[in-house]
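Structure file coords-v7.cif (mmCIF, C-alpha atoms) follows.
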data_coords
#
loop_
_atom_site.label_atom_id
_atom_site.label_comp_id
_atom_site.auth_asym_id
_atom_site.auth_seq_id
_atom_site.Cartn_x
_atom_site.Cartn_y
_atom_site.Cartn_z
CA MET A 62 57.34 65.17 -142.78
CA GLU A 63 60.42 67.08 -143.90
CA THR A 64 63.57 65.08 -144.43
CA LYS A 65 66.81 66.68 -143.28
CA ASN A 66 70.23 65.72 -144.54
CA LEU A 67 72.93 65.76 -141.86
CA THR A 68 74.58 68.71 -143.61
CA ARG A 69 71.40 70.73 -142.83
CA VAL A 70 71.33 69.68 -139.15
CA LEU A 71 72.90 72.54 -137.21
CA GLU A 72 72.94 70.84 -133.82
CA ILE A 73 72.89 67.26 -132.58
CA LEU A 74 71.60 66.41 -129.12
CA PHE A 75 72.94 63.79 -126.72
CA LEU A 76 70.76 61.88 -124.29
CA GLY A 77 73.58 62.17 -121.75
CA LEU A 78 74.42 60.03 -118.78
CA THR A 79 72.06 61.77 -116.36
CA ASP A 80 69.75 64.77 -115.99
CA ASP A 81 70.55 65.35 -112.31
CA PRO A 82 72.80 68.47 -111.97
CA GLU A 83 74.38 67.20 -108.74
CA LEU A 84 75.16 63.82 -110.26
CA GLN A 85 76.56 65.59 -113.32
CA SER A 86 79.07 67.38 -111.07
CA VAL A 87 80.08 64.06 -109.51
CA LEU A 88 80.47 62.43 -112.92
CA PHE A 89 82.49 65.42 -114.14
CA GLY A 90 85.01 64.97 -111.32
CA LEU A 91 85.14 61.19 -111.83
CA PHE A 92 85.58 61.29 -115.60
CA LEU A 93 88.06 64.17 -115.45
CA SER A 94 90.19 62.12 -113.04
CA MET A 95 89.98 59.08 -115.32
CA TYR A 96 90.91 61.17 -118.35
CA LEU A 97 93.93 62.71 -116.61
CA ILE A 98 95.06 59.26 -115.45
CA THR A 99 94.71 57.99 -119.02
CA VAL A 100 96.71 60.83 -120.55
CA LEU A 101 99.42 60.92 -117.88
CA GLY A 102 99.74 57.13 -117.66
CA ASN A 103 100.18 56.67 -121.40
CA LEU A 104 102.45 59.72 -121.63
CA ILE A 105 104.71 58.28 -118.92
CA ILE A 106 104.92 55.00 -120.85
CA ILE A 107 105.92 56.92 -124.00
CA LEU A 108 108.58 58.98 -122.19
CA ALA A 109 109.95 55.96 -120.31
CA ILE A 110 110.44 54.10 -123.59
CA ARG A 111 111.91 57.19 -125.23
CA PHE A 112 114.54 57.78 -122.54
CA ASP A 113 115.60 54.13 -122.04
CA PRO A 114 117.91 52.92 -124.86
CA HIS A 115 117.27 49.28 -123.85
CA LEU A 116 113.63 49.68 -124.93
CA HIS A 117 114.41 50.96 -128.42
CA THR A 118 113.11 47.72 -129.95
CA PRO A 119 110.19 47.00 -132.33
CA MET A 120 108.01 45.71 -129.49
CA TYR A 121 108.30 48.89 -127.43
CA PHE A 122 108.21 51.10 -130.51
CA PHE A 123 104.72 49.80 -131.26
CA LEU A 124 103.80 49.99 -127.57
CA SER A 125 104.64 53.70 -127.52
CA ILE A 126 102.50 54.21 -130.64
CA LEU A 127 99.68 52.27 -128.95
CA SER A 128 99.90 54.56 -125.92
CA LEU A 129 99.75 57.58 -128.23
CA ALA A 130 96.72 56.09 -130.00
CA ASP A 131 95.02 55.50 -126.63
CA ILE A 132 95.47 59.18 -125.76
CA GLY A 133 93.93 60.16 -129.10
CA PHE A 134 91.13 57.61 -128.72
CA SER A 135 90.09 59.02 -125.33
CA SER A 136 90.57 62.62 -126.44
CA SER A 137 88.21 62.14 -129.38
CA THR A 138 85.16 61.88 -127.08
CA ILE A 139 85.90 62.66 -123.43
CA PRO A 140 86.75 66.41 -123.59
CA LYS A 141 83.40 67.18 -125.25
CA MET A 142 81.57 65.04 -122.71
CA LEU A 143 83.34 66.86 -119.85
CA THR A 144 82.40 70.21 -121.40
CA ASN A 145 78.75 69.19 -121.61
CA LEU A 146 78.74 67.94 -118.01
CA TRP A 147 80.33 71.18 -116.79
CA THR A 148 77.98 73.46 -118.73
CA HIS A 149 74.93 71.18 -118.28
CA LEU A 150 74.46 71.12 -122.05
CA LYS A 151 73.79 68.10 -124.26
CA SER A 152 74.59 69.19 -127.77
CA ILE A 153 77.28 69.19 -130.42
CA SER A 154 77.54 70.93 -133.78
CA TYR A 155 77.36 69.10 -137.09
CA ALA A 156 81.07 69.71 -137.73
CA GLY A 157 81.91 68.58 -134.22
CA CYS A 158 79.91 65.38 -134.68
CA LEU A 159 81.68 64.50 -137.92
CA THR A 160 85.04 65.29 -136.30
CA GLN A 161 84.20 62.97 -133.41
CA VAL A 162 83.22 60.18 -135.79
CA ALA A 163 86.41 60.63 -137.82
CA LEU A 164 88.81 60.70 -134.85
CA PHE A 165 87.01 57.97 -132.92
CA ILE A 166 87.10 55.56 -135.87
CA TRP A 167 90.66 56.47 -136.86
CA PHE A 168 92.19 55.95 -133.42
CA GLY A 169 89.98 52.91 -132.70
CA CYS A 170 91.03 51.28 -135.97
CA LEU A 171 94.66 52.18 -135.27
CA ASP A 172 94.42 50.53 -131.84
CA SER A 173 93.02 47.35 -133.38
CA LEU A 174 95.65 47.17 -136.11
CA LEU A 175 98.50 47.92 -133.70
CA LEU A 176 97.45 45.02 -131.47
CA ALA A 177 97.59 42.74 -134.52
CA VAL A 178 101.07 43.97 -135.49
CA MET A 179 102.27 43.58 -131.89
CA ALA A 180 100.97 39.99 -131.92
CA TYR A 181 103.00 39.36 -135.09
CA ASP A 182 106.04 40.90 -133.38
CA ARG A 183 105.67 38.41 -130.51
CA LEU A 184 105.26 35.59 -133.03
CA VAL A 185 108.58 36.47 -134.66
CA ALA A 186 110.31 36.89 -131.28
CA ILE A 187 109.20 33.48 -129.98
CA CYS A 188 109.13 31.37 -133.16
CA HIS A 189 112.12 32.94 -134.96
CA PRO A 190 114.33 34.43 -132.20
CA LEU A 191 117.56 34.19 -134.20
CA HIS A 192 116.11 36.16 -137.11
CA TYR A 193 114.10 38.63 -135.02
CA THR A 194 116.28 41.70 -135.65
CA LEU A 195 116.57 40.80 -139.33
CA ILE A 196 112.79 40.44 -139.83
CA MET A 197 111.60 43.26 -137.55
CA ASN A 198 114.06 45.82 -138.88
CA PRO A 199 113.48 49.59 -138.46
CA ARG A 200 112.45 50.01 -142.09
CA LEU A 201 109.70 47.39 -141.75
CA CYS A 202 108.47 48.93 -138.48
CA VAL A 203 108.14 52.40 -140.01
CA SER A 204 106.49 50.96 -143.14
CA LEU A 205 103.97 49.06 -141.02
CA LEU A 206 103.19 52.18 -139.01
CA LEU A 207 102.56 54.24 -142.16
CA LEU A 208 100.36 51.45 -143.54
CA LEU A 209 98.31 51.31 -140.32
CA LEU A 210 97.83 55.08 -140.34
CA PHE A 211 96.66 54.95 -143.96
CA ILE A 212 94.21 52.08 -143.33
CA GLY A 213 92.79 53.85 -140.27
CA LEU A 214 92.41 57.06 -142.25
CA LEU A 215 90.69 55.19 -145.08
CA ASP A 216 88.20 53.62 -142.67
CA SER A 217 87.57 56.98 -141.01
CA LEU A 218 86.98 58.87 -144.26
CA ALA A 219 84.71 56.16 -145.69
CA GLN A 220 82.45 56.11 -142.63
CA CYS A 221 82.38 59.91 -142.38
CA LEU A 222 81.31 60.12 -146.01
CA MET A 223 78.55 57.61 -145.37
CA VAL A 224 77.37 59.43 -142.21
CA SER A 225 77.21 62.75 -144.07
CA GLN A 226 74.68 61.20 -146.48
CA PHE A 227 72.21 60.18 -143.75
CA ASN A 228 68.75 61.79 -143.82
CA PHE A 229 66.78 62.59 -140.65
CA CYS A 230 63.03 63.17 -140.31
CA THR A 231 63.16 64.59 -136.78
CA ASP A 232 65.62 66.31 -134.49
CA VAL A 233 68.70 64.19 -133.97
CA GLU A 234 69.05 62.96 -130.37
CA ILE A 235 71.71 60.32 -129.90
CA PRO A 236 71.23 57.95 -126.92
CA SER A 237 74.89 58.31 -125.98
CA PHE A 238 77.47 60.92 -124.97
CA PHE A 239 79.33 60.98 -128.30
CA CYS A 240 78.63 60.57 -132.02
CA ASN A 241 79.01 57.10 -133.48
CA THR A 242 77.95 55.59 -136.78
CA PRO A 243 75.55 52.83 -135.60
CA GLN A 244 73.51 55.23 -133.44
CA LEU A 245 73.28 57.83 -136.22
CA LEU A 246 72.16 55.13 -138.64
CA LYS A 247 69.39 53.98 -136.29
CA LEU A 248 68.06 57.56 -136.12
CA SER A 249 68.06 58.17 -139.87
CA CYS A 250 64.89 58.03 -142.00
CA ASP A 251 66.54 55.86 -144.61
CA TYR A 252 67.59 53.21 -142.11
CA THR A 253 67.86 50.01 -144.13
CA SER A 254 69.33 46.61 -143.60
CA THR A 255 71.69 47.35 -146.51
CA LYS A 256 73.35 50.24 -144.67
CA ASN A 257 73.44 48.18 -141.49
CA ILE A 258 75.18 45.40 -143.41
CA PHE A 259 77.57 47.99 -144.83
CA ILE A 260 78.58 49.09 -141.32
CA PHE A 261 78.82 45.45 -140.27
CA LEU A 262 81.21 44.83 -143.18
CA PHE A 263 83.35 47.75 -142.02
CA ALA A 264 83.52 46.14 -138.59
CA ILE A 265 84.45 42.78 -140.12
CA VAL A 266 87.15 44.18 -142.40
CA PHE A 267 88.77 46.68 -140.03
CA GLY A 268 88.06 44.75 -136.82
CA GLY A 269 87.70 41.12 -137.82
CA LEU A 270 90.87 40.89 -139.90
CA PRO A 271 93.11 42.18 -137.07
CA VAL A 272 91.41 39.70 -134.72
CA SER A 273 92.09 36.89 -137.20
CA GLY A 274 95.73 37.96 -137.37
CA ILE A 275 95.97 37.97 -133.58
CA LEU A 276 94.37 34.51 -133.31
CA TYR A 277 96.72 33.12 -135.96
CA SER A 278 99.77 34.63 -134.26
CA TYR A 279 98.83 33.24 -130.86
CA ALA A 280 98.03 29.82 -132.32
CA ARG A 281 101.58 29.71 -133.67
CA ILE A 282 102.96 31.09 -130.39
CA VAL A 283 101.15 28.47 -128.26
CA SER A 284 102.29 25.70 -130.60
CA SER A 285 105.88 26.90 -130.31
CA ILE A 286 105.70 27.26 -126.52
CA LEU A 287 104.33 23.73 -126.10
CA GLY A 288 107.42 22.46 -127.91
CA ILE A 289 109.73 23.92 -125.23
CA PRO A 290 110.80 21.04 -122.92
CA SER A 291 111.32 22.92 -119.63
CA ALA A 292 108.53 24.51 -117.58
CA SER A 293 110.68 27.55 -116.83
CA GLY A 294 111.31 28.04 -120.55
CA LYS A 295 107.58 27.85 -121.28
CA TYR A 296 106.83 30.40 -118.56
CA LYS A 297 109.55 32.76 -119.78
CA ALA A 298 108.31 32.55 -123.37
CA PHE A 299 104.68 33.09 -122.44
CA SER A 300 105.50 35.97 -120.06
CA THR A 301 106.84 37.99 -123.00
CA CYS A 302 103.33 38.18 -124.49
CA GLY A 303 101.21 38.08 -121.31
CA SER A 304 100.75 41.85 -121.13
CA HIS A 305 99.80 42.07 -124.80
CA LEU A 306 97.27 39.25 -124.45
CA SER A 307 95.67 41.01 -121.46
CA VAL A 308 95.32 44.26 -123.43
CA VAL A 309 93.85 42.37 -126.41
CA CYS A 310 91.19 40.73 -124.23
CA LEU A 311 90.38 44.04 -122.54
CA PHE A 312 90.16 46.02 -125.80
CA TYR A 313 88.15 43.55 -127.88
CA GLY A 314 85.96 42.44 -124.98
CA THR A 315 84.74 45.98 -124.29
CA ALA A 316 84.61 46.85 -128.03
CA ILE A 317 82.39 43.87 -128.88
CA GLY A 318 80.19 44.61 -125.87
CA ALA A 319 79.77 48.28 -126.84
CA TYR A 320 79.11 47.47 -130.51
CA CYS A 321 76.57 44.72 -129.79
CA SER A 322 74.74 46.83 -127.19
CA SER A 323 74.46 49.76 -129.62
CA ILE A 324 73.01 47.50 -132.33
CA ILE A 325 70.77 45.20 -130.28
CA SER A 326 69.82 46.80 -126.98
CA ASP A 327 67.14 49.45 -126.59
CA ALA A 328 68.19 50.23 -123.00
CA ASN A 329 70.05 53.51 -123.52
CA ARG A 330 71.75 53.55 -120.12
CA LYS A 331 73.19 50.06 -120.67
CA VAL A 332 74.54 51.16 -124.03
CA MET A 333 76.22 54.17 -122.43
CA VAL A 334 77.77 52.07 -119.65
CA ALA A 335 79.28 49.79 -122.31
CA SER A 336 80.52 52.87 -124.19
CA VAL A 337 82.15 54.26 -121.04
CA MET A 338 83.96 50.96 -120.51
CA TYR A 339 85.20 50.98 -124.11
CA THR A 340 86.19 54.63 -124.49
CA MET A 341 87.47 55.43 -120.99
CA VAL A 342 88.29 52.38 -118.89
CA THR A 343 90.30 50.42 -121.47
CA PRO A 344 92.75 53.23 -122.42
CA MET A 345 93.15 54.06 -118.73
CA LEU A 346 94.03 50.48 -117.73
CA ASN A 347 96.48 49.73 -120.55
CA PRO A 348 99.48 51.52 -118.95
CA PHE A 349 98.84 49.71 -115.66
CA VAL A 350 98.63 46.33 -117.41
CA TYR A 351 102.01 46.87 -119.08
CA SER A 352 103.69 48.44 -116.05
CA LEU A 353 102.52 45.73 -113.63
CA ARG A 354 103.30 42.69 -115.80
CA ASN A 355 106.41 43.79 -117.70
CA ARG A 356 109.80 43.87 -115.98
CA ASP A 357 111.42 45.99 -118.69
CA ILE A 358 108.73 48.66 -118.34
CA LYS A 359 109.06 48.56 -114.55
CA ARG A 360 112.81 49.10 -114.83
CA ALA A 361 112.32 51.87 -117.40
CA LEU A 362 109.74 53.60 -115.21
CA LYS A 363 112.09 53.42 -112.21
CA LYS A 364 114.92 54.84 -114.31
CA PHE A 365 112.64 57.55 -115.71
CA LYS A 366 111.55 58.46 -112.17
CA GLU A 367 115.19 58.79 -111.10
CA GLN A 368 115.97 60.95 -114.15
CA MET A 369 113.02 63.23 -113.44
CA ALA A 370 114.05 63.50 -109.78
CA HIS A 371 117.60 64.39 -110.84
CA ILE A 372 116.31 67.03 -113.28
CA LEU A 373 114.07 68.53 -110.59
CA ARG A 374 116.94 68.61 -108.07
CA LYS A 375 119.19 70.26 -110.65
CA ALA A 376 116.51 72.82 -111.52
CA LYS A 377 115.95 73.54 -107.83
CA SER A 378 119.69 73.95 -107.31
CA ASN A 379 119.95 76.34 -110.27
CA LEU A 380 117.03 78.38 -108.97
CA SER A 381 118.61 78.65 -105.53
CA LYS A 382 121.91 79.75 -107.11
CA ILE A 383 120.12 82.41 -109.13
CA LYS A 384 118.28 83.57 -106.03
CA HIS A 385 121.52 83.74 -104.00
CA LYS A 386 123.18 85.62 -106.84
CA GLU A 387 120.32 88.12 -106.95
CA LEU A 388 120.49 88.53 -103.17
CA GLY A 389 124.26 89.05 -103.42
CA ILE A 390 123.79 91.76 -106.04
CA GLU A 391 121.14 93.45 -103.90
CA SER A 392 123.36 93.33 -100.81
CA SER A 393 126.33 94.73 -102.75
CA GLU A 394 124.12 97.53 -104.07
CA VAL A 395 122.92 98.26 -100.54
CA GLY A 396 126.54 98.24 -99.33
CA SER A 397 127.68 100.60 -102.08
CA ARG A 398 124.78 102.94 -101.33
CA GLY A 399 125.74 102.84 -97.66
CA LYS A 400 129.36 103.63 -98.49
CA ARG A 401 128.32 106.53 -100.70
CA LYS A 402 126.08 107.82 -97.93
CA THR A 403 128.93 107.52 -95.38
CA SER A 404 131.39 109.35 -97.61
CA GLU A 405 128.86 112.11 -98.30
CA GLN A 406 128.19 112.41 -94.55
CA GLU A 407 131.94 112.64 -93.82
CA LYS A 408 132.30 115.40 -96.43
CA TRP A 409 129.42 117.31 -94.86
CA GLU A 410 130.92 116.97 -91.38
CA ASN A 411 134.36 118.05 -92.59
CA ALA A 412 132.82 121.05 -94.34
CA HIS A 413 131.15 122.17 -91.11
CA LYS A 414 134.27 121.53 -89.02
CA ASN A 415 136.50 123.55 -91.36
CA PRO A 416 134.34 126.38 -92.74
CA THR A 417 135.99 128.37 -95.52
#
Any chance you could give the structure as structure tokens?
Amino acid sequence: METKNLTRVLEILFLGLTDDPELQSVLFGLFLSMYLITVLGNLIIILAIRFDPHLHTPMYFFLSILSLADIGFSSSTIPKMLTNLWTHLKSISYAGCLTQVALFIWFGCLDSLLLAVMAYDRLVAICHPLHYTLIMNPRLCVSLLLLLLFIGLLDSLAQCLMVSQFNFCTDVEIPSFFCNTPQLLKLSCDYTSTKNIFIFLFAIVFGGLPVSGILYSYARIVSSILGIPSASGKYKAFSTCGSHLSVVCLFYGTAIGAYCSSIISDANRKVMVASVMYTMVTPMLNPFVYSLRNRDIKRALKKFKEQMAHILRKAKSNLSKIKHKELGIESSEVGSRGKRKTSEQEKWENAHKNPT
């Protein structure tokens, strides 16, 4: 049987969520709505933080980057899935598959690392409140962001290089709706435990280390909170990291479920349900988690809403002024034409009354 390297595979097939055309139309509408909610929700969080000077702090700086990463994470897979549902196709090109793998891993790794950095930010805020601005200075925040982007890019490039070396004995049909490394490895001819261990090590390094950092940070946070004498003080301290903890549980819970199901389970539909939860539901819920549990975000969203309403009223007022001005010009032109017509008519009448 002929062995094909991925570079020689022109087209990769997806199993897809369903073969029923009517159900595909329903899923298209559902997933399009979820995608729009994800993009708009995270974009509103970014703009609210941008326009509120009170939120120009390290915590909300990283939150805005997390929202941007969530948009990229969803956009790496969902648009192609929506296109396939709309056109009733189940394929992607080789270049498109590698692009999906690269973007999916990059934004997923960035999400994971950002959650770890945000946990460290909460650790500094609760355990070292007097030195918070000194430790989490703007230079450190920008340096951390650049480091996270580089680490995510390194993970993405390494896995893309490995995927490009896979060999396939048959046509490539992925039991999912997007390209991912574990599924491609399971379909390759040279599937070995060594490569599986290699992918597992990637998951440990780029996923396990951020989790370890988060666990360490929250262990220190809990220890510090327990030392606060008053119950109100404990509640106030814990409320500052409640939203972040909820997002961490949501992200890693669905990520571990999707990864384990892709490695262990042979039930393709179950794997795809876990993938939908990980790639679509989590980024969609993150803005709601922060907006519902965070008073600063609530206030910023209310202020942003008022600013947008003011801008819309001002734009509407300017449009009405322009329209009135145009109507005034038209009426003056009509009046001048009428005056010219009246004067010409008077001249004609005078000429006929007094013939020369």
(message) Using all atoms listed in the file, which protein or nucleic acid residues come within 9 Å of A:Phe165? Drop anything in the same chain fewer than 6 positions from it, and give the result as a list in words.
(response) Gly133, Phe134, Ser135, Ser136, Ser137, Thr138, Ser217, Cys240 and Asn241 of chain A
(message) For a test of reading the model, state the distance in Å between atom CA of A:Arg183 and atom CA of A:Asp216, rounded to one decimal.
(response)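 Distance between the two atoms: 26.2 Å.
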(request) With the file shown as input, list the residues that the PyMOL selection byres ((chain A and resi 276-284) around 6) selects, as a PyMOL selection string. (result) chain A and resi 180-181+184+273-275+285-287
Could those residues be written to a file, using C-alpha atoms, as a PDB file, keeping the file's coordinate frame?
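What landed in selection_24.pdb:
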ATOM      1  CA  ALA A 180     100.970  39.990-131.920  1.00  0.00           C
ATOM      2  CA  TYR A 181     103.000  39.360-135.090  1.00  0.00           C
ATOM      3  CA  LEU A 184     105.260  35.590-133.030  1.00  0.00           C
ATOM      4  CA  SER A 273      92.090  36.890-137.200  1.00  0.00           C
ATOM      5  CA  GLY A 274      95.730  37.960-137.370  1.00  0.00           C
ATOM      6  CA  ILE A 275      95.970  37.970-133.580  1.00  0.00           C
ATOM      7  CA  SER A 285     105.880  26.900-130.310  1.00  0.00           C
ATOM      8  CA  ILE A 286     105.700  27.260-126.520  1.00  0.00           C
ATOM      9  CA  LEU A 287     104.330  23.730-126.100  1.00  0.00           C
TER      10      LEU A 287
END
(message) List the spatial neighbours of A:Val162 as a list of chain:residue names - criterion: any atom at most 12 Å away, all atoms listed in the file, same-chain residues fewer than 5 positions off excluded.
(response)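 Everything that qualifies: A:Phe134, A:Ser137, A:Thr138, A:Tyr155, A:Ala156, A:Gly157, A:Trp167, A:Phe168, A:Gly169, A:Cys170, A:Leu214, A:Asp216, A:Ser217, A:Leu218, A:Ala219, A:Gln220, A:Cys221, A:Leu222, A:Met223, A:Val224, A:Ser225, A:Phe239, A:Cys240, A:Asn241, A:Thr242, A:Pro243, A:Gln244, A:Leu245.
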Create the file for the chosen residues now, containing C-alpha atoms and written as an mmCIF file, in the coordinates of the input.
data_model
loop_
_atom_site.group_PDB
_atom_site.id
_atom_site.type_symbol
_atom_site.label_atom_id
_atom_site.label_comp_id
_atom_site.auth_asym_id
_atom_site.auth_seq_id
_atom_site.Cartn_x
_atom_site.Cartn_y
_atom_site.Cartn_z
ATOM 1 C CA PHE A 134 91.130 57.610 -128.720
ATOM 2 C CA SER A 137 88.210 62.140 -129.380
ATOM 3 C CA THR A 138 85.160 61.880 -127.080
ATOM 4 C CA TYR A 155 77.360 69.100 -137.090
ATOM 5 C CA ALA A 156 81.070 69.710 -137.730
ATOM 6 C CA GLY A 157 81.910 68.580 -134.220
ATOM 7 C CA TRP A 167 90.660 56.470 -136.860
ATOM 8 C CA PHE A 168 92.190 55.950 -133.420
ATOM 9 C CA GLY A 169 89.980 52.910 -132.700
ATOM 10 C CA CYS A 170 91.030 51.280 -135.970
ATOM 11 C CA LEU A 214 92.410 57.060 -142.250
ATOM 12 C CA ASP A 216 88.200 53.620 -142.670
ATOM 13 C CA SER A 217 87.570 56.980 -141.010
ATOM 14 C CA LEU A 218 86.980 58.870 -144.260
ATOM 15 C CA ALA A 219 84.710 56.160 -145.690
ATOM 16 C CA GLN A 220 82.450 56.110 -142.630
ATOM 17 C CA CYS A 221 82.380 59.910 -142.380
ATOM 18 C CA LEU A 222 81.310 60.120 -146.010
ATOM 19 C CA MET A 223 78.550 57.610 -145.370
ATOM 20 C CA VAL A 224 77.370 59.430 -142.210
ATOM 21 C CA SER A 225 77.210 62.750 -144.070
ATOM 22 C CA PHE A 239 79.330 60.980 -128.300
ATOM 23 C CA CYS A 240 78.630 60.570 -132.020
ATOM 24 C CA ASN A 241 79.010 57.100 -133.480
ATOM 25 C CA THR A 242 77.950 55.590 -136.780
ATOM 26 C CA PRO A 243 75.550 52.830 -135.600
ATOM 27 C CA GLN A 244 73.510 55.230 -133.440
ATOM 28 C CA LEU A 245 73.280 57.830 -136.220
#
Extract, using all atoms listed in the file, all DNA, RNA and protein residues at most 12 Å from A:Leu201, discarding same-chain residues fewer than 6 positions from it, and format them as a CSV table (one decimal) with C-alpha atoms, keeping the file's coordinate frame.
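Saved as out_13.csv:
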chain,number,residue,atom,x,y,z
A,119,PRO,CA,110.2,47.0,-132.3
A,122,PHE,CA,108.2,51.1,-130.5
A,123,PHE,CA,104.7,49.8,-131.3
A,178,VAL,CA,101.1,44.0,-135.5
A,182,ASP,CA,106.0,40.9,-133.4
A,193,TYR,CA,114.1,38.6,-135.0
A,194,THR,CA,116.3,41.7,-135.6
A,195,LEU,CA,116.6,40.8,-139.3
A,207,LEU,CA,102.6,54.2,-142.2
A,208,LEU,CA,100.4,51.4,-143.5
(message) Which polymer residues, whether protein, DNA or RNA, lie within 10 Å of the coordinate (97.4, 45.6, -120.2) when you count only C-alpha atoms? List them as a ChimeraX atom specification, using the chain letters and numbers from the file.
(response) /A:303-312,343-355
Create the file for the chosen residues now, containing C-alpha atoms and written as a compact mmCIF listing (two decimals), in the frame of the given file.
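Written output follows (out_31.txt):
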# COMPACT_ATOMS: atom_id res chain seq x y z
CA GLY A 303 101.21 38.08 -121.31
CA SER A 304 100.75 41.85 -121.13
CA HIS A 305 99.80 42.07 -124.80
CA LEU A 306 97.27 39.25 -124.45
CA SER A 307 95.67 41.01 -121.46
CA VAL A 308 95.32 44.26 -123.43
CA VAL A 309 93.85 42.37 -126.41
CA CYS A 310 91.19 40.73 -124.23
CA LEU A 311 90.38 44.04 -122.54
CA PHE A 312 90.16 46.02 -125.80
CA THR A 343 90.30 50.42 -121.47
CA PRO A 344 92.75 53.23 -122.42
CA MET A 345 93.15 54.06 -118.73
CA LEU A 346 94.03 50.48 -117.73
CA ASN A 347 96.48 49.73 -120.55
CA PRO A 348 99.48 51.52 -118.95
CA PHE A 349 98.84 49.71 -115.66
CA VAL A 350 98.63 46.33 -117.41
CA TYR A 351 102.01 46.87 -119.08
CA SER A 352 103.69 48.44 -116.05
CA LEU A 353 102.52 45.73 -113.63
CA ARG A 354 103.30 42.69 -115.80
CA ASN A 355 106.41 43.79 -117.70
(message) One number please: atom CA of A:Phe263 to atom CA of A:Met338, in Å, one decimal.
(response)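 So the answer is 21.8 Å.
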(request) Please provide as number ranges by chain all residues within 9 Å of A:Leu127, with the sequence filter that same-chain residues fewer than 5 positions apart are discarded (counting only C-alpha atoms). (result) A: 103, 122, 132, 171-172, 175-176
(request) Counting all atoms listed in the file, figure out which residue out of A:Leu76, A:Leu129, A:Phe299, A:Val185 gets nearest to A:Phe238. (result) A:Leu76
(message) Excluding A:Tyr96 and its own-chain neighbours fewer than 3 positions away, which residues fall within 10 Å of it when counting only C-alpha atoms? Please give them as a PyMOL selection string.
(response) chain A and resi 90-93+99-102+132+135-136+139-140+143+341-342+344-345
